[in-house]
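K.L.:
Below is the file work_32.csv, with CSV, N, CA and C atoms.
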```csv
chain,number,residue,atom,x,y,z
A,1,MET,N,-24.6,1.2,-38.3
A,1,MET,CA,-24.0,2.0,-37.3
A,1,MET,C,-24.4,3.5,-37.4
A,2,VAL,N,-24.6,4.1,-36.3
A,2,VAL,CA,-24.9,5.5,-36.3
A,2,VAL,C,-23.8,6.3,-35.7
A,3,THR,N,-23.5,7.5,-36.3
A,3,THR,CA,-22.4,8.3,-35.7
A,3,THR,C,-22.8,9.7,-35.4
A,4,VAL,N,-23.9,10.2,-36.0
A,4,VAL,CA,-24.3,11.5,-35.7
A,4,VAL,C,-25.8,11.6,-35.6
A,5,GLY,N,-26.3,12.7,-35.0
A,5,GLY,CA,-27.7,12.8,-34.8
A,5,GLY,C,-28.1,14.3,-34.7
A,6,LEU,N,-29.4,14.5,-34.4
A,6,LEU,CA,-29.9,15.8,-34.2
A,6,LEU,C,-30.8,15.8,-33.0
A,7,LEU,N,-30.7,16.8,-32.2
A,7,LEU,CA,-31.6,17.0,-31.1
A,7,LEU,C,-32.3,18.3,-31.3
A,8,VAL,N,-33.6,18.3,-31.5
A,8,VAL,CA,-34.4,19.4,-31.8
A,8,VAL,C,-35.4,19.7,-30.7
A,9,ARG,N,-35.4,20.9,-30.2
A,9,ARG,CA,-36.2,21.3,-29.1
A,9,ARG,C,-37.3,22.3,-29.6
A,10,LEU,N,-38.6,22.0,-29.2
A,10,LEU,CA,-39.7,22.7,-29.6
A,10,LEU,C,-40.6,23.2,-28.4
A,11,VAL,N,-40.9,24.4,-28.4
A,11,VAL,CA,-41.8,24.9,-27.4
A,11,VAL,C,-43.1,25.4,-28.0
A,12,ALA,N,-44.2,24.7,-27.7
A,12,ALA,CA,-45.5,25.1,-28.3
A,12,ALA,C,-46.0,26.4,-27.7
A,13,LYS,N,-46.7,27.1,-28.6
A,13,LYS,CA,-47.5,28.3,-28.1
A,13,LYS,C,-48.6,27.8,-27.2
A,14,PRO,N,-49.0,28.6,-26.3
A,14,PRO,CA,-50.1,28.2,-25.4
A,14,PRO,C,-51.3,27.8,-26.3
A,15,GLY,N,-51.9,26.7,-25.9
A,15,GLY,CA,-53.1,26.2,-26.6
A,15,GLY,C,-52.8,25.4,-27.9
A,16,LYS,N,-51.5,25.4,-28.3
A,16,LYS,CA,-51.1,24.7,-29.6
A,16,LYS,C,-50.5,23.3,-29.3
A,17,GLU,N,-50.5,22.9,-28.1
A,17,GLU,CA,-49.8,21.6,-27.7
A,17,GLU,C,-50.4,20.4,-28.5
A,18,ALA,N,-51.6,20.3,-28.6
A,18,ALA,CA,-52.2,19.2,-29.4
A,18,ALA,C,-51.9,19.2,-30.9
A,19,GLU,N,-51.8,20.4,-31.4
A,19,GLU,CA,-51.4,20.6,-32.8
A,19,GLU,C,-49.9,20.2,-33.0
A,20,VAL,N,-49.0,20.5,-32.0
A,20,VAL,CA,-47.6,20.1,-32.1
A,20,VAL,C,-47.6,18.5,-32.1
A,21,ILE,N,-48.3,18.0,-31.2
A,21,ILE,CA,-48.3,16.5,-31.1
A,21,ILE,C,-48.8,15.9,-32.4
A,22,SER,N,-49.9,16.4,-33.0
A,22,SER,CA,-50.3,15.9,-34.2
A,22,SER,C,-49.3,16.0,-35.3
A,23,PHE,N,-48.6,17.2,-35.4
A,23,PHE,CA,-47.6,17.4,-36.3
A,23,PHE,C,-46.5,16.3,-36.2
A,24,LEU,N,-46.0,16.1,-34.9
A,24,LEU,CA,-45.0,15.1,-34.7
A,24,LEU,C,-45.4,13.7,-35.1
A,25,GLU,N,-46.6,13.4,-34.7
A,25,GLU,CA,-47.1,12.0,-35.1
A,25,GLU,C,-47.1,11.9,-36.6
A,26,GLY,N,-47.5,12.9,-37.3
A,26,GLY,CA,-47.6,12.8,-38.8
A,26,GLY,C,-46.2,12.8,-39.4
A,27,GLY,N,-45.2,13.3,-38.7
A,27,GLY,CA,-43.8,13.3,-39.2
A,27,GLY,C,-43.2,11.9,-39.4
A,28,LEU,N,-43.7,10.9,-38.6
A,28,LEU,CA,-43.2,9.6,-38.7
A,28,LEU,C,-43.3,9.0,-40.1
A,29,ALA,N,-44.4,9.1,-40.7
A,29,ALA,CA,-44.6,8.6,-42.1
A,29,ALA,C,-43.6,9.2,-43.0
A,30,LEU,N,-43.2,10.5,-42.9
A,30,LEU,CA,-42.3,11.1,-43.8
A,30,LEU,C,-40.9,10.6,-43.5
A,31,VAL,N,-40.5,10.4,-42.3
A,31,VAL,CA,-39.1,10.0,-42.0
A,31,VAL,C,-38.9,8.5,-42.3
A,32,GLU,N,-40.0,7.7,-42.4
A,32,GLU,CA,-39.9,6.3,-42.8
A,32,GLU,C,-39.5,6.2,-44.2
A,33,GLU,N,-39.6,7.3,-45.0
A,33,GLU,CA,-39.2,7.3,-46.4
A,33,GLU,C,-37.7,7.7,-46.6
A,34,GLU,N,-37.1,8.0,-45.5
A,34,GLU,CA,-35.7,8.5,-45.5
A,34,GLU,C,-34.7,7.3,-45.2
A,35,PRO,N,-34.1,6.7,-46.1
A,35,PRO,CA,-33.2,5.5,-45.8
A,35,PRO,C,-32.1,5.8,-44.9
A,36,ALA,N,-31.6,7.1,-44.8
A,36,ALA,CA,-30.4,7.4,-43.9
A,36,ALA,C,-30.9,7.8,-42.5
A,37,THR,N,-32.2,7.9,-42.3
A,37,THR,CA,-32.6,8.2,-40.9
A,37,THR,C,-32.8,6.8,-40.2
A,38,ILE,N,-31.8,6.4,-39.4
A,38,ILE,CA,-31.8,5.1,-38.8
A,38,ILE,C,-32.7,5.1,-37.6
A,39,ALA,N,-32.8,6.1,-36.9
A,39,ALA,CA,-33.7,6.2,-35.7
A,39,ALA,C,-34.3,7.6,-35.6
A,40,TRP,N,-35.6,7.7,-35.3
A,40,TRP,CA,-36.3,8.9,-35.1
A,40,TRP,C,-37.3,8.8,-34.0
A,41,PHE,N,-37.2,9.8,-33.1
A,41,PHE,CA,-38.1,9.8,-31.9
A,41,PHE,C,-38.7,11.2,-31.8
A,42,ALA,N,-40.0,11.2,-31.6
A,42,ALA,CA,-40.7,12.5,-31.2
A,42,ALA,C,-41.0,12.3,-29.7
A,43,ILE,N,-40.6,13.3,-28.9
A,43,ILE,CA,-40.7,13.1,-27.5
A,43,ILE,C,-41.4,14.4,-26.8
A,44,ARG,N,-42.0,14.1,-25.7
A,44,ARG,CA,-42.5,15.2,-24.9
A,44,ARG,C,-41.7,15.4,-23.7
A,45,LEU,N,-41.2,16.7,-23.5
A,45,LEU,CA,-40.3,17.0,-22.4
A,45,LEU,C,-41.0,17.6,-21.2
A,46,GLY,N,-42.2,18.2,-21.5
A,46,GLY,CA,-42.9,18.9,-20.5
A,46,GLY,C,-44.3,19.3,-21.0
A,47,PRO,N,-45.1,20.0,-20.3
A,47,PRO,CA,-46.4,20.3,-20.7
A,47,PRO,C,-46.5,21.0,-22.1
A,48,SER,N,-45.5,21.9,-22.4
A,48,SER,CA,-45.5,22.6,-23.7
A,48,SER,C,-44.2,22.4,-24.4
A,49,GLU,N,-43.3,21.6,-23.9
A,49,GLU,CA,-42.0,21.4,-24.5
A,49,GLU,C,-41.9,20.0,-25.1
A,50,PHE,N,-41.5,20.0,-26.4
A,50,PHE,CA,-41.4,18.7,-27.2
A,50,PHE,C,-40.0,18.6,-27.8
A,51,GLY,N,-39.7,17.5,-28.4
A,51,GLY,CA,-38.4,17.4,-29.0
A,51,GLY,C,-38.4,16.3,-30.0
A,52,ILE,N,-37.4,16.3,-30.9
A,52,ILE,CA,-37.2,15.3,-31.8
A,52,ILE,C,-35.7,14.8,-31.7
A,53,PHE,N,-35.5,13.5,-31.6
A,53,PHE,CA,-34.1,13.0,-31.7
A,53,PHE,C,-34.0,12.1,-32.8
A,54,ASP,N,-33.0,12.2,-33.7
A,54,ASP,CA,-32.9,11.3,-34.8
A,54,ASP,C,-31.4,11.0,-34.9
A,55,ALA,N,-31.1,9.8,-35.6
A,55,ALA,CA,-29.7,9.4,-35.7
A,55,ALA,C,-29.5,8.9,-37.1
A,56,PHE,N,-28.2,9.1,-37.6
A,56,PHE,CA,-27.8,8.9,-38.9
A,56,PHE,C,-26.5,8.2,-39.0
A,57,PRO,N,-26.2,7.5,-40.1
A,57,PRO,CA,-24.9,6.8,-40.2
A,57,PRO,C,-23.7,7.8,-40.4
A,58,ASP,N,-24.0,9.0,-41.0
A,58,ASP,CA,-23.0,9.9,-41.3
A,58,ASP,C,-23.6,11.3,-41.5
A,59,ASP,N,-22.7,12.3,-41.7
A,59,ASP,CA,-23.2,13.6,-41.8
A,59,ASP,C,-24.0,13.8,-43.1
A,60,ALA,N,-23.7,13.1,-44.2
A,60,ALA,CA,-24.5,13.2,-45.4
A,60,ALA,C,-26.0,12.8,-45.1
A,61,GLY,N,-26.2,11.8,-44.3
A,61,GLY,CA,-27.6,11.4,-44.0
A,61,GLY,C,-28.2,12.5,-43.2
A,62,ARG,N,-27.5,13.0,-42.2
A,62,ARG,CA,-28.1,14.1,-41.4
A,62,ARG,C,-28.4,15.3,-42.3
A,63,GLN,N,-27.6,15.7,-43.2
A,63,GLN,CA,-27.8,16.8,-44.1
A,63,GLN,C,-29.0,16.5,-45.0
A,64,ALA,N,-29.1,15.3,-45.5
A,64,ALA,CA,-30.3,14.9,-46.3
A,64,ALA,C,-31.6,15.1,-45.5
A,65,HIS,N,-31.6,14.7,-44.3
A,65,HIS,CA,-32.7,14.8,-43.4
A,65,HIS,C,-33.1,16.3,-43.2
A,66,LEU,N,-32.1,17.1,-43.0
A,66,LEU,CA,-32.3,18.5,-42.8
A,66,LEU,C,-32.9,19.2,-44.0
A,67,GLY,N,-32.6,18.6,-45.2
A,67,GLY,CA,-33.2,19.1,-46.4
A,67,GLY,C,-34.5,18.4,-46.8
A,68,GLY,N,-35.0,17.6,-46.0
A,68,GLY,CA,-36.2,16.7,-46.3
A,68,GLY,C,-37.5,17.4,-46.0
A,69,GLN,N,-38.5,16.5,-46.1
A,69,GLN,CA,-39.9,17.0,-46.0
A,69,GLN,C,-40.3,17.4,-44.5
A,70,VAL,N,-39.8,16.6,-43.5
A,70,VAL,CA,-40.2,17.0,-42.2
A,70,VAL,C,-39.6,18.3,-41.8
A,71,ALA,N,-38.3,18.5,-42.1
A,71,ALA,CA,-37.7,19.8,-41.7
A,71,ALA,C,-38.4,21.0,-42.4
A,72,ALA,N,-38.7,20.8,-43.7
A,72,ALA,CA,-39.4,21.9,-44.4
A,72,ALA,C,-40.8,22.1,-43.8
A,73,ALA,N,-41.5,21.1,-43.5
A,73,ALA,CA,-42.9,21.3,-42.8
A,73,ALA,C,-42.7,21.9,-41.5
A,74,LEU,N,-41.7,21.5,-40.7
A,74,LEU,CA,-41.5,22.1,-39.4
A,74,LEU,C,-41.2,23.6,-39.5
A,75,MET,N,-40.4,24.0,-40.4
A,75,MET,CA,-40.0,25.4,-40.6
A,75,MET,C,-41.2,26.2,-41.1
A,76,ALA,N,-42.1,25.6,-41.9
A,76,ALA,CA,-43.2,26.3,-42.4
A,76,ALA,C,-44.3,26.5,-41.4
A,77,GLN,N,-44.4,25.5,-40.5
A,77,GLN,CA,-45.5,25.6,-39.4
A,77,GLN,C,-45.0,26.2,-38.1
A,78,ALA,N,-43.7,26.4,-38.0
A,78,ALA,CA,-43.1,26.9,-36.7
A,78,ALA,C,-43.8,28.2,-36.3
A,79,PRO,N,-43.9,29.2,-37.1
A,79,PRO,CA,-44.5,30.5,-36.7
A,79,PRO,C,-45.9,30.4,-36.1
A,80,GLU,N,-46.7,29.4,-36.6
A,80,GLU,CA,-48.0,29.2,-36.1
A,80,GLU,C,-48.1,28.4,-34.8
A,81,LEU,N,-47.2,27.4,-34.7
A,81,LEU,CA,-47.3,26.5,-33.6
A,81,LEU,C,-46.4,26.7,-32.5
A,82,LEU,N,-45.2,27.4,-32.7
A,82,LEU,CA,-44.1,27.4,-31.7
A,82,LEU,C,-43.9,28.8,-31.1
A,83,GLU,N,-43.6,28.8,-29.9
A,83,GLU,CA,-43.3,30.0,-29.1
A,83,GLU,C,-42.1,30.7,-29.6
A,84,GLN,N,-41.1,29.9,-30.1
A,84,GLN,CA,-39.8,30.4,-30.6
A,84,GLN,C,-39.4,29.5,-31.7
A,85,PRO,N,-38.4,29.9,-32.5
A,85,PRO,CA,-37.9,29.0,-33.6
A,85,PRO,C,-37.4,27.7,-33.0
A,86,PRO,N,-37.5,26.6,-33.7
A,86,PRO,CA,-36.9,25.3,-33.2
A,86,PRO,C,-35.4,25.5,-32.9
A,87,VAL,N,-35.0,24.9,-31.9
A,87,VAL,CA,-33.5,24.8,-31.6
A,87,VAL,C,-33.0,23.5,-32.1
A,88,ILE,N,-32.2,23.6,-33.1
A,88,ILE,CA,-31.7,22.4,-33.8
A,88,ILE,C,-30.2,22.2,-33.4
A,89,GLU,N,-29.9,21.1,-32.7
A,89,GLU,CA,-28.5,20.9,-32.3
A,89,GLU,C,-27.9,19.6,-32.9
A,90,PRO,N,-26.9,19.8,-33.7
A,90,PRO,CA,-26.2,18.6,-34.2
A,90,PRO,C,-25.5,17.9,-33.0
A,91,VAL,N,-25.5,16.6,-33.0
A,91,VAL,CA,-24.8,15.9,-31.9
A,91,VAL,C,-24.0,14.7,-32.5
A,92,ASP,N,-22.9,14.3,-31.8
A,92,ASP,CA,-22.2,13.2,-32.2
A,92,ASP,C,-22.6,12.0,-31.3
A,93,ILE,N,-22.8,10.9,-31.8
A,93,ILE,CA,-23.3,9.7,-31.1
A,93,ILE,C,-22.1,8.9,-30.7
A,94,LEU,N,-21.9,8.7,-29.4
A,94,LEU,CA,-20.8,8.0,-28.8
A,94,LEU,C,-21.0,6.6,-28.7
A,95,ALA,N,-22.2,6.1,-28.4
A,95,ALA,CA,-22.5,4.7,-28.3
A,95,ALA,C,-24.0,4.6,-28.5
A,96,ALA,N,-24.4,3.4,-29.1
A,96,ALA,CA,-25.8,3.2,-29.4
A,96,ALA,C,-26.1,1.7,-29.4
A,97,LYS,N,-27.3,1.4,-29.0
A,97,LYS,CA,-27.9,0.0,-29.1
A,97,LYS,C,-29.1,0.1,-30.1
A,98,LEU,N,-29.0,-0.6,-31.2
A,98,LEU,CA,-30.1,-0.6,-32.2
A,98,LEU,C,-30.5,-2.0,-32.4
A,99,PRO,N,-31.8,-2.1,-32.9
A,99,PRO,CA,-32.3,-3.5,-33.2
A,99,PRO,C,-31.4,-4.0,-34.3
A,100,SER,N,-31.3,-5.3,-34.3
A,100,SER,CA,-30.5,-6.0,-35.4
A,100,SER,C,-31.3,-6.5,-36.5
```
When written as structure tokens, how does the structure in this file appear?
P.N.:
Amino acid sequence: MVTVGLLVRLVAKPGKEAEVISFLEGGLALVEEEPATIAWFAIRLGPSEFGIFDAFPDDAGRQAHLGGQVAAALMAQAPELLEQPPVIEPVDILAAKLPS
């Protein structure tokens, strides 16, 4: 069961869109090592706007993810790749359908 998540919005600097895509694709391997990350999606919202949505069973899992490798890499590369700092929004999950 998932109860909480994160919605992260990213705006790439002009000309850095491909690098943001590469970063997001590489993040999948890192989150696969996180047992409390139940679902993780890297998404494209527009030509230069991207996002991450992930879900966790509880706030402890969410906090573990925020202290993990993907978050650290994102914050380290944000000044080079992003127009502005990532917007990280904690969310409550009201309903979900997950694979069994």
K.L.:
Let's see if you can do this: from backbone DSSP, list all helix (DSSP H, G or I) residues in chain A, as a VMD selection string.
P.N.:
chain A and resid 17 to 31 59 to 66 69 to 81
K.L.:
Distance atom CA of Ile43 of chain A-atom C of Leu10 of chain A, one decimal place?
P.N.:
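About the pair atom CA of Ile43 of chain A and atom C of Leu10 of chain A: they are 10.1 Å apart.
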K.L.:
Excluding segment 68-72 of chain A and its own-chain neighbours fewer than 5 positions away, which residues fall within 8 Å of it when counting all atoms listed in the file? Please give them as a ChimeraX atom specification.
P.N.:
/A:26-28,30-31,62-63,77-78
K.L.:
Hey, can you pull every residue with an atom no more than 10 Å from (-41.3, 28.7, -35.4), using only C-alpha atoms, and send it as a PyMOL selection string?
P.N.:
chain A and resi 10-13+74-87
K.L.:
So the first atom is atom CA of Ala42 of chain A and the second is atom CA of Asp58 of chain A; what is the distance between them in Å, to one decimal place?
P.N.:
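Atom CA of Asp58 of chain A lies 20.5 Å from atom CA of Ala42 of chain A.
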K.L.:
So what do you get for atom CA of Ala18 of chain A versus atom CA of Glu89 of chain A, distance-wise?
P.N.:
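Computed distance, atom CA of Ala18 of chain A to atom CA of Glu89 of chain A, equals 23.9 Å.
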K.L.:
Point out the residue among A:Glu34, A:Ile52, A:Ile93, A:Ser22 with the least atom-to-atom distance to Gly67 of chain A, counting only C-alpha atoms.
P.N.:
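Of all the options, A:Glu34 lies closest to Gly67 of chain A.
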K.L.:
List every residue of chain A that DSSP, applied to the backbone of this structure, places in strand (DSSP E), and write the result as a PyMOL selection string.
P.N.:
chain A and resi 4-11+39-44+49-56+87-92
K.L.:
Please determine, counting only C-alpha atoms, which residue among A:Pro99, A:Gly46, A:Pro90, A:Pro57 has the shortest atom-to-atom distance to Glu17 of chain A.
P.N.:
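The closest residue to Glu17 of chain A is A:Gly46.
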K.L.:
Looking at A:Phe56, A:Ala96, A:Gly61, A:Glu32, which one is nearest to Val4 of chain A, with distances taken over all atoms listed in the file?
P.N.:
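Of all the options, A:Phe56 lies closest to Val4 of chain A.
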K.L.:
In terms of the shortest atom-to-atom distance over all atoms listed in the file, which of A:Leu66, A:Leu94, A:Ala60, A:Ala29 is closest to Val2 of chain A?
P.N.:
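With all atoms listed in the file as the atom set, the closest residue is A:Leu94.
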K.L.:
Let me know the centre plus edge lengths, in Å and rounded to one decimal, of a box with edges along x, y and z that contains all listed atoms of segment 53-71 of chain A and is padded by 3 Å on every side, as AutoDock Vina command-line options.
P.N.:
```
--center_x -31.5 --center_y 13.9 --center_z -39.2 --size_x 23.6 --size_y 20.2 --size_z 21.2
```
K.L.:
Place N, CA, C and O atoms on segment 88-100 of chain A and deliver the coordinates as an mmCIF file, keeping the file's coordinate frame.
P.N.:
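Okay, this is what ended up in rebuild.cif:
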```cif
data_model
loop_
_atom_site.group_PDB
_atom_site.id
_atom_site.type_symbol
_atom_site.label_atom_id
_atom_site.label_comp_id
_atom_site.auth_asym_id
_atom_site.auth_seq_id
_atom_site.Cartn_x
_atom_site.Cartn_y
_atom_site.Cartn_z
ATOM 1 N N ILE A 88 -32.200 23.600 -33.100
ATOM 2 C CA ILE A 88 -31.700 22.400 -33.800
ATOM 3 C C ILE A 88 -30.200 22.200 -33.400
ATOM 4 O O ILE A 88 -29.391 23.058 -33.809
ATOM 5 N N GLU A 89 -29.900 21.100 -32.700
ATOM 6 C CA GLU A 89 -28.500 20.900 -32.300
ATOM 7 C C GLU A 89 -27.900 19.600 -32.900
ATOM 8 O O GLU A 89 -28.471 18.561 -32.665
ATOM 9 N N PRO A 90 -26.900 19.800 -33.700
ATOM 10 C CA PRO A 90 -26.200 18.600 -34.200
ATOM 11 C C PRO A 90 -25.500 17.900 -33.000
ATOM 12 O O PRO A 90 -24.903 18.613 -32.180
ATOM 13 N N VAL A 91 -25.500 16.600 -33.000
ATOM 14 C CA VAL A 91 -24.800 15.900 -31.900
ATOM 15 C C VAL A 91 -24.000 14.700 -32.500
ATOM 16 O O VAL A 91 -24.281 14.242 -33.631
ATOM 17 N N ASP A 92 -22.900 14.300 -31.800
ATOM 18 C CA ASP A 92 -22.200 13.200 -32.200
ATOM 19 C C ASP A 92 -22.600 12.000 -31.300
ATOM 20 O O ASP A 92 -22.838 12.222 -30.070
ATOM 21 N N ILE A 93 -22.800 10.900 -31.800
ATOM 22 C CA ILE A 93 -23.300 9.700 -31.100
ATOM 23 C C ILE A 93 -22.100 8.900 -30.700
ATOM 24 O O ILE A 93 -21.296 8.467 -31.506
ATOM 25 N N LEU A 94 -21.900 8.700 -29.400
ATOM 26 C CA LEU A 94 -20.800 8.000 -28.800
ATOM 27 C C LEU A 94 -21.000 6.600 -28.700
ATOM 28 O O LEU A 94 -20.025 5.779 -28.794
ATOM 29 N N ALA A 95 -22.200 6.100 -28.400
ATOM 30 C CA ALA A 95 -22.500 4.700 -28.300
ATOM 31 C C ALA A 95 -24.000 4.600 -28.500
ATOM 32 O O ALA A 95 -24.798 5.477 -28.265
ATOM 33 N N ALA A 96 -24.400 3.400 -29.100
ATOM 34 C CA ALA A 96 -25.800 3.200 -29.400
ATOM 35 C C ALA A 96 -26.100 1.700 -29.400
ATOM 36 O O ALA A 96 -25.260 0.877 -29.704
ATOM 37 N N LYS A 97 -27.300 1.400 -29.000
ATOM 38 C CA LYS A 97 -27.900 0.000 -29.100
ATOM 39 C C LYS A 97 -29.100 0.100 -30.100
ATOM 40 O O LYS A 97 -30.019 0.846 -29.801
ATOM 41 N N LEU A 98 -29.000 -0.600 -31.200
ATOM 42 C CA LEU A 98 -30.100 -0.600 -32.200
ATOM 43 C C LEU A 98 -30.500 -2.000 -32.400
ATOM 44 O O LEU A 98 -29.800 -2.942 -32.208
ATOM 45 N N PRO A 99 -31.800 -2.100 -32.900
ATOM 46 C CA PRO A 99 -32.300 -3.500 -33.200
ATOM 47 C C PRO A 99 -31.400 -4.000 -34.300
ATOM 48 O O PRO A 99 -30.979 -3.310 -35.211
ATOM 49 N N SER A 100 -31.300 -5.300 -34.300
ATOM 50 C CA SER A 100 -30.500 -6.000 -35.400
ATOM 51 C C SER A 100 -31.300 -6.500 -36.500
ATOM 52 O O SER A 100 -32.498 -6.531 -36.440
#
```
